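Student: So I've got this file, query-v7.txt, and it contains compact mmCIF, C-alpha atoms and all ligand atoms:
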# COMPACT_ATOMS: atom_id res chain seq x y z
CA MET A 215 188.16 130.10 303.29
CA ASN A 216 185.37 127.62 302.66
CA GLN A 217 187.62 125.53 300.46
CA TYR A 218 188.77 122.58 302.56
CA GLY A 219 192.44 123.14 303.33
CA VAL A 220 195.23 123.07 305.88
CA ALA A 221 193.33 125.29 308.34
CA HIS A 222 190.44 122.81 308.35
CA VAL A 223 192.77 119.85 308.84
CA ARG A 224 194.47 121.60 311.74
CA PHE A 225 191.14 122.31 313.39
CA LEU A 226 189.95 118.74 312.81
CA GLN A 227 193.07 117.28 314.43
CA LYS A 228 192.50 119.44 317.48
CA ILE A 229 188.86 118.52 318.01
CA MET A 230 189.60 114.84 317.32
CA SER A 231 192.26 114.81 320.02
CA LYS A 232 189.99 116.52 322.55
CA SER A 233 186.67 114.83 321.59
CA PHE A 234 184.76 117.95 322.49
CA MET A 235 185.54 121.65 322.76
CA TYR A 236 183.57 124.42 324.42
CA GLY A 237 182.23 127.19 322.18
CA SER A 238 184.78 129.76 323.36
CA GLU A 239 187.70 127.36 322.70
CA VAL A 240 186.32 126.59 319.25
CA LYS A 241 186.12 130.28 318.31
CA GLU A 242 189.62 130.89 319.60
CA TYR A 243 191.09 127.89 317.79
CA PHE A 244 189.22 128.73 314.57
CA GLU A 245 190.93 132.13 314.49
CA LYS A 246 194.28 130.51 315.30
CA CYS A 247 193.92 128.08 312.40
CA LEU A 248 193.05 130.88 309.97
CA ASN A 249 195.95 132.93 311.24
CA ALA A 250 198.44 130.07 310.86
CA SER A 251 197.33 129.64 307.23
CA ASN A 252 197.43 133.39 306.55
CA ILE A 253 193.69 133.50 305.89
CA GLU A 254 191.89 136.78 306.59
CA PRO A 255 189.25 136.24 309.29
CA PRO A 256 185.72 136.79 307.92
CA ASP A 257 183.78 139.95 308.88
CA ASP A 258 181.07 137.82 310.41
CA LEU A 259 183.02 135.41 312.63
CA LYS A 260 179.96 133.43 313.68
CA GLU A 261 178.84 132.81 310.12
CA GLY A 262 182.45 132.13 309.08
CA LEU A 263 182.84 129.51 311.80
CA PHE A 264 179.57 127.89 310.75
CA GLU A 265 180.77 127.58 307.14
CA PHE A 266 184.23 126.43 308.25
CA ILE A 267 182.80 123.59 310.35
CA LYS A 268 180.30 122.74 307.63
CA ALA A 269 183.22 122.17 305.22
CA ILE A 270 184.90 119.86 307.75
CA LYS A 271 181.66 117.98 308.38
CA LEU A 272 181.19 117.36 304.65
CA ASN A 273 184.65 115.89 304.50
CA ILE A 274 184.36 113.55 307.49
CA MET A 275 180.76 112.42 307.06
CA LYS A 276 181.74 109.98 304.33
CA LEU A 277 183.85 108.26 306.99
CA ASN A 278 180.90 108.16 309.40
CA TYR A 279 182.25 110.90 311.63
CA ASP A 280 180.55 114.16 312.48
CA ILE A 281 180.90 117.34 314.53
CA GLU A 282 177.72 118.06 316.48
CA ARG A 283 176.62 120.93 318.67
CA SER A 284 175.70 119.91 322.20
CA VAL A 285 175.56 121.20 325.76
CA CYS A 286 177.65 119.75 328.58
CA GLU A 287 175.34 118.44 331.32
CA LYS A 288 177.79 119.28 334.08
CA THR A 289 178.82 122.79 333.12
CA GLY A 290 175.77 123.79 331.07
CA ARG A 291 178.17 125.22 328.48
CA SER A 292 177.59 124.73 324.77
CA CYS A 293 180.19 122.71 322.93
CA TYR A 294 181.15 121.02 319.69
CA VAL A 295 181.60 117.26 319.79
CA PHE A 296 183.63 115.11 317.43
CA CYS A 297 181.72 111.84 317.24
CA CYS A 298 181.50 108.62 315.34
CA LYS A 299 178.12 107.77 313.84
CA LYS A 300 178.81 104.11 313.36
CA GLU A 301 180.60 102.70 316.34
CA SER A 302 181.24 103.59 319.95
CA PHE A 303 183.88 102.61 322.46
CA LYS A 304 182.31 99.17 322.48
CA ASP A 305 183.96 98.55 319.12
CA THR A 306 187.21 100.35 319.66
CA ILE A 307 188.63 99.67 323.12
CA LYS A 308 190.15 96.55 324.66
CA PRO A 309 187.67 94.06 326.20
CA GLU A 310 188.92 94.45 329.78
CA LEU A 311 188.67 98.24 329.55
CA ARG A 312 185.31 97.99 327.83
CA GLN A 313 183.92 95.95 330.71
CA PHE A 314 185.14 98.54 333.21
CA LEU A 315 183.87 101.55 331.24
CA THR A 316 180.51 99.89 330.58
CA ALA A 317 180.07 99.20 334.30
CA ILE A 318 180.99 102.82 335.14
CA ILE A 319 178.52 104.18 332.58
CA ASN A 320 175.73 101.88 333.79
CA GLN A 321 176.26 102.99 337.37
CA ILE A 322 176.41 106.66 336.38
CA VAL A 323 173.00 106.19 334.76
CA ASP A 324 171.62 104.38 337.82
CA ASN A 325 173.03 107.06 340.14
CA ASN A 326 171.32 110.01 338.50
CA GLY A 327 174.31 111.09 336.45
CA ARG A 328 177.21 110.97 338.92
CA LEU A 329 179.58 108.30 340.20
CA GLY A 330 182.00 108.79 343.10
CA ASN A 331 185.59 107.56 343.31
CA ILE A 332 184.82 104.89 345.93
CA ALA A 333 182.06 103.39 343.80
CA ILE A 334 184.49 103.33 340.86
CA SER A 335 187.10 101.45 342.94
CA ASN A 336 184.43 99.00 344.03
CA ILE A 337 183.62 98.23 340.40
CA GLY A 338 187.27 97.49 339.62
CA ASN A 339 187.60 95.38 342.74
CA SER A 340 184.51 93.32 341.90
CA PHE A 341 185.88 91.91 338.65
CA ASN A 342 186.91 88.28 338.87
CA GLU A 343 189.22 88.03 335.93
CA TYR A 344 190.67 91.53 335.74
CA LYS A 345 190.55 92.73 339.35
CA LEU A 346 191.71 96.35 339.46
CA SER A 347 193.34 98.14 342.39
CA ALA A 348 192.10 101.60 343.42
CA GLY A 349 195.19 103.10 341.76
CA GLU A 350 194.53 101.24 338.52
CA CYS A 351 190.88 102.35 338.57
CA ASP A 352 191.99 105.94 339.03
CA GLY A 353 194.53 105.67 336.19
CA LEU A 354 191.98 104.17 333.82
CA CYS A 355 189.43 106.83 334.72
CA ARG A 356 192.00 109.50 333.81
CA GLU A 357 192.37 107.73 330.43
CA PHE A 358 188.60 107.68 329.90
CA ILE A 359 188.49 111.39 330.74
CA LYS A 360 191.36 112.08 328.35
CA SER A 361 189.71 110.16 325.54
CA GLY A 362 186.52 112.11 326.06
CA TRP A 363 184.14 109.50 327.48
CA LEU A 364 183.89 110.91 330.97
CA ILE A 365 184.32 114.28 332.66
CA ASP A 366 186.01 114.80 336.00
CA ASP A 367 183.42 115.70 338.64
CA ASP A 368 185.50 118.14 340.70
CA ASN A 369 187.89 115.36 341.79
CA CYS A 370 185.06 113.48 343.52
CA GLY A 371 184.18 111.15 340.67
CA VAL A 372 182.96 111.28 337.09
CA VAL A 373 179.98 112.21 334.93
CA LEU A 374 179.26 111.41 331.27
CA SER A 375 180.87 113.63 328.64
CA PRO A 376 179.00 115.25 325.74
CA ARG A 377 180.66 112.68 323.45
CA ALA A 378 179.31 109.77 325.50
CA LEU A 379 175.83 111.30 325.51
CA ILE A 380 175.83 111.50 321.72
CA GLU A 381 177.50 108.21 320.84
CA LEU A 382 175.64 106.17 323.47
CA LYS A 383 172.26 107.79 322.91
CA ASP A 384 170.60 104.58 321.70
CA ASP A 385 172.01 102.55 324.61
CA LEU A 386 170.86 105.19 327.07
CA LYS A 387 167.37 105.18 325.55
CA ASP A 388 167.32 101.38 325.90
CA ARG A 389 168.11 101.88 329.59
CA ASN A 390 165.06 104.15 329.85
CA VAL A 391 167.01 107.37 330.37
CA PRO A 392 164.38 110.11 329.91
CA ASP A 393 164.54 113.27 327.83
CA CYS A 394 164.79 116.56 329.69
CA ASN A 395 161.41 118.28 330.03
CA GLY A 396 163.07 121.58 329.10
CA CYS A 397 165.41 121.07 326.14
CA LYS A 398 164.00 117.68 325.05
CA THR A 399 167.44 116.08 324.77
CA ILE A 400 168.51 113.05 326.76
CA CYS A 401 169.03 113.82 330.46
CA VAL A 402 171.39 111.73 332.58
CA LEU A 403 172.63 114.40 335.00
CA GLY A 404 169.79 116.51 336.34
CA ASP A 405 167.03 116.77 338.94
CA SER A 406 163.97 114.54 338.98
CA CYS A 407 160.50 115.40 340.20
CA GLN A 408 159.74 113.74 343.54
CA HIS A 409 156.23 112.82 342.38
CA CYS A 410 156.39 111.92 338.69
CA GLU A 411 158.86 110.80 336.04
CA THR A 412 159.81 114.33 334.95
CA LYS A 413 163.52 115.09 334.82
CA MET A 414 165.36 118.27 333.88
CA HIS A 415 168.95 119.38 333.43
CA PHE A 416 170.04 121.81 336.14
CA ARG A 417 170.43 124.56 333.53
CA CYS A 418 166.98 123.89 332.05
CA ALA A 419 165.24 123.97 335.44
CA LYS A 420 167.06 127.19 336.31
CA LYS A 421 166.03 128.71 332.99
CA LEU A 422 162.41 127.69 333.50
CA PHE A 423 162.14 128.90 337.08
CA GLY A 424 164.42 131.92 336.71
CA GLY A 425 166.30 131.05 339.90
CA ASP A 426 163.15 130.86 342.06
CA ASN A 427 161.59 127.74 343.47
CA GLY A 428 159.36 126.24 340.84
CA LYS A 429 156.70 123.63 340.24
CA CYS A 430 157.10 120.50 338.15
CA PRO A 431 155.86 121.38 334.64
CA ASN A 432 154.11 118.00 334.48
CA CYS A 433 152.45 117.43 337.88
CA SER A 434 152.87 120.85 339.58
CA ALA A 435 154.59 119.38 342.65
CA ASP A 436 157.27 121.60 344.23
CA TRP A 437 160.53 121.24 342.32
CA ILE A 438 163.39 120.37 344.65
CA PHE A 439 166.86 121.36 343.46
CA SER A 440 169.59 118.95 344.51
ZN ZN B 501 167.57 120.09 329.34
ZN ZN B 502 156.25 115.99 338.53
Just dump the structure as structure tokens.
Tutor:
Amino acid sequence: MNQYGVAHVRFLQKIMSKSFMYGSEVKEYFEKCLNASNIEPPDDLKEGLFEFIKAIKLNIMKLNYDIERSVCEKTGRSCYVFCCKKESFKDTIKPELRQFLTAIINQIVDNNGRLGNIAISNIGNSFNEYKLSAGECDGLCREFIKSGWLIDDDNCGVVLSPRALIELKDDLKDRNVPDCNGCKTICVLGDSCQHCETKMHFRCAKKLFGGDNGKCPNCSADWIFS
């Protein structure tokens, strides 16, 4: 099973098309791929999946791609992300779309991780050369969601996807996006302390405080959940 073969290619195509997959989807699709290639599932599915993905990673790393484990900031669910180690959307999408997506991402960062539909329309409307109607903005946002850069925020707007968080990590650091005080990974969508610079993902604050009201781990001020 650990020999790179059709099952691996099938899995790779799936995760490439989706950009990221939640853990449960990955397990389900792993079994499907084995089944379709008439490969006996391993006794230890978890270990088998680890080896299966390791074989794919070895094959795509030479091309500067990777599959990384991450956690979605919005849902708090663990996921696997297909990402490029060398370039980001800045190198691969059309200039007019790049300008729009960059502006959306910058405003998401400035707005504590979320951007509403009206703010998105305002961005499109503010462009001189490529002015976008509200309908066009909405259509493009759907495309960005489909290609795995953004995640739909319950039809109210968008947040950054796990893929964006990984591929844009250096840019986000340059924009002074802090690391989460809990899991120590970059934190765009989360709650900030009212008194110091501390920021935490919702899931990390919940884990730390066990559902009760807590104190900031840095300055001990009351932690206010949004
Ligand atoms: Zn965290
Ligand atoms: Zn604090």
Student: Give me, as CSV, each residue of chain A that comes within 9 Å of ligand ZN 501 (chain B), together with its shortest interatomic pair and the distance in Å at one decimal, counting all atoms listed in the file, with rows ordered by chain and rising residue number.
Tutor:
residue,atom,partner,partner_atom,distance
A:Val285,CA,B:ZN501,ZN,8.8
A:Glu287,CA,B:ZN501,ZN,8.2
A:Asp393,CA,B:ZN501,ZN,7.6
A:Cys394,CA,B:ZN501,ZN,4.5
A:Asn395,CA,B:ZN501,ZN,6.5
A:Gly396,CA,B:ZN501,ZN,4.7
A:Cys397,CA,B:ZN501,ZN,4.0
A:Lys398,CA,B:ZN501,ZN,6.1
A:Thr399,CA,B:ZN501,ZN,6.1
A:Ile400,CA,B:ZN501,ZN,7.6
A:Cys401,CA,B:ZN501,ZN,6.5
A:Gly404,CA,B:ZN501,ZN,8.2
A:Lys413,CA,B:ZN501,ZN,8.5
A:Met414,CA,B:ZN501,ZN,5.4
A:His415,CA,B:ZN501,ZN,4.4
A:Phe416,CA,B:ZN501,ZN,7.4
A:Arg417,CA,B:ZN501,ZN,6.8
A:Cys418,CA,B:ZN501,ZN,4.7
A:Ala419,CA,B:ZN501,ZN,7.6
Student: Can you pull out every residue with an atom within 7 Å of ligand ZN 502 (chain B)? Use all atoms listed in the file and format it as JSON, numbers by chain.
Tutor: {"A": [407, 408, 409, 410, 411, 412, 430, 431, 432, 433, 434, 435]}
Student: Using all atoms listed in the file, find the one residue out of A:Val391, A:Ile334, A:Val240, A:Cys286 that sits nearest to Leu315 of chain A.
Tutor: A:Ile334
Student: Rank nothing, just name the residue among A:Val372, A:Ile307, A:Val295, A:Leu364 nearest to Tyr236 of chain A, using all atoms listed in the file.
Tutor: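 Nearest to Tyr236 of chain A: A:Val295.
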Student: Leaving out segment 366-370 of chain A and any residue of its chain fewer than 6 positions from it, which residues lie within 9 Å of it when counting only C-alpha atoms, given as a list in words?
Tutor: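 My reading of the contact set: Lys288, Arg328, Leu329, Gly330, Asn331, Ile332, Cys355, Arg356 and Ile359 of chain A.
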Student: Mind checking which residues fall within 12 Å of Tyr279 of chain A, counting all atoms listed in the file, ignoring those fewer than 5 positions away in the same chain, and posting them as a compact mmCIF listing (two decimals) with C-alpha atoms, in the frame of the given file?
Tutor:
# COMPACT_ATOMS: atom_id res chain seq x y z
CA LEU A 226 189.95 118.74 312.81
CA ILE A 229 188.86 118.52 318.01
CA MET A 230 189.60 114.84 317.32
CA SER A 233 186.67 114.83 321.59
CA ILE A 270 184.90 119.86 307.75
CA LYS A 271 181.66 117.98 308.38
CA LEU A 272 181.19 117.36 304.65
CA ASN A 273 184.65 115.89 304.50
CA ILE A 274 184.36 113.55 307.49
CA VAL A 295 181.60 117.26 319.79
CA PHE A 296 183.63 115.11 317.43
CA CYS A 297 181.72 111.84 317.24
CA CYS A 298 181.50 108.62 315.34
CA LYS A 299 178.12 107.77 313.84
CA LYS A 300 178.81 104.11 313.36
CA GLU A 301 180.60 102.70 316.34
CA SER A 302 181.24 103.59 319.95
CA ILE A 380 175.83 111.50 321.72
CA GLU A 381 177.50 108.21 320.84
Student: Just the number, please: distance in Å from atom CA of Arg224 of chain A to atom CA of Leu382 of chain A, one decimal.
Tutor: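 Computing it gives 27.0 Å between the two atoms.
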Student: Provide the atom CA of Lys276 of chain A to atom CA of Lys241 of chain A distance in Å, to one decimal place.
Tutor: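 Value for the atom CA of Lys276 of chain A-atom CA of Lys241 of chain A distance: 25.0 Å.
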Student: Could you work out an axis-aligned box for segment 367-377 of chain A, taking every atom the file lists and adding 5 Å on each side, and report centre and edge lengths in Å to one decimal, as JSON?
Tutor:
{"center_x": 183.4, "center_y": 114.6, "center_z": 333.5, "size_x": 18.9, "size_y": 17.0, "size_z": 30.1}
Student: Which is closest to Glu239 of chain A among A:Gln227, A:Asn427, A:Ser292, A:Gln217, if we use all atoms listed in the file?
Tutor: A:Ser292
Student: Within 7 Å of (193.5, 126.1, 316.2) (coordinates as in the file), grab all the protein and nucleic acid residues, counting all atoms listed in the file, and write them out as a list in words.
Tutor: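 Answer for this query, in the requested form: Arg224, Phe225, Lys228, Tyr243, Phe244, Glu245, Lys246 and Cys247 of chain A.
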Student: Pick the closest to Ile267 of chain A from A:Gly219, A:Gly371, A:Gly327, A:Gly362: which is it, counting only C-alpha atoms?
Tutor: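 Going through A:Gly219, A:Gly371, A:Gly327, A:Gly362 one by one, the smallest distance to Ile267 of chain A is for A:Gly219.
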Student: Hey, can you check how far atom CA of Ser251 of chain A sits from atom CA of Asn278 of chain A?
Tutor: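 According to the coordinates, atom CA of Ser251 of chain A and atom CA of Asn278 of chain A are separated by 27.1 Å.
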Student: Between A:Glu350, A:Arg312, A:Asn339, A:Pro376, which one has atoms that come closest to Glu282 of chain A, using only C-alpha atoms?
Tutor: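 Closest to Glu282 of chain A, using only C-alpha atoms: A:Pro376.
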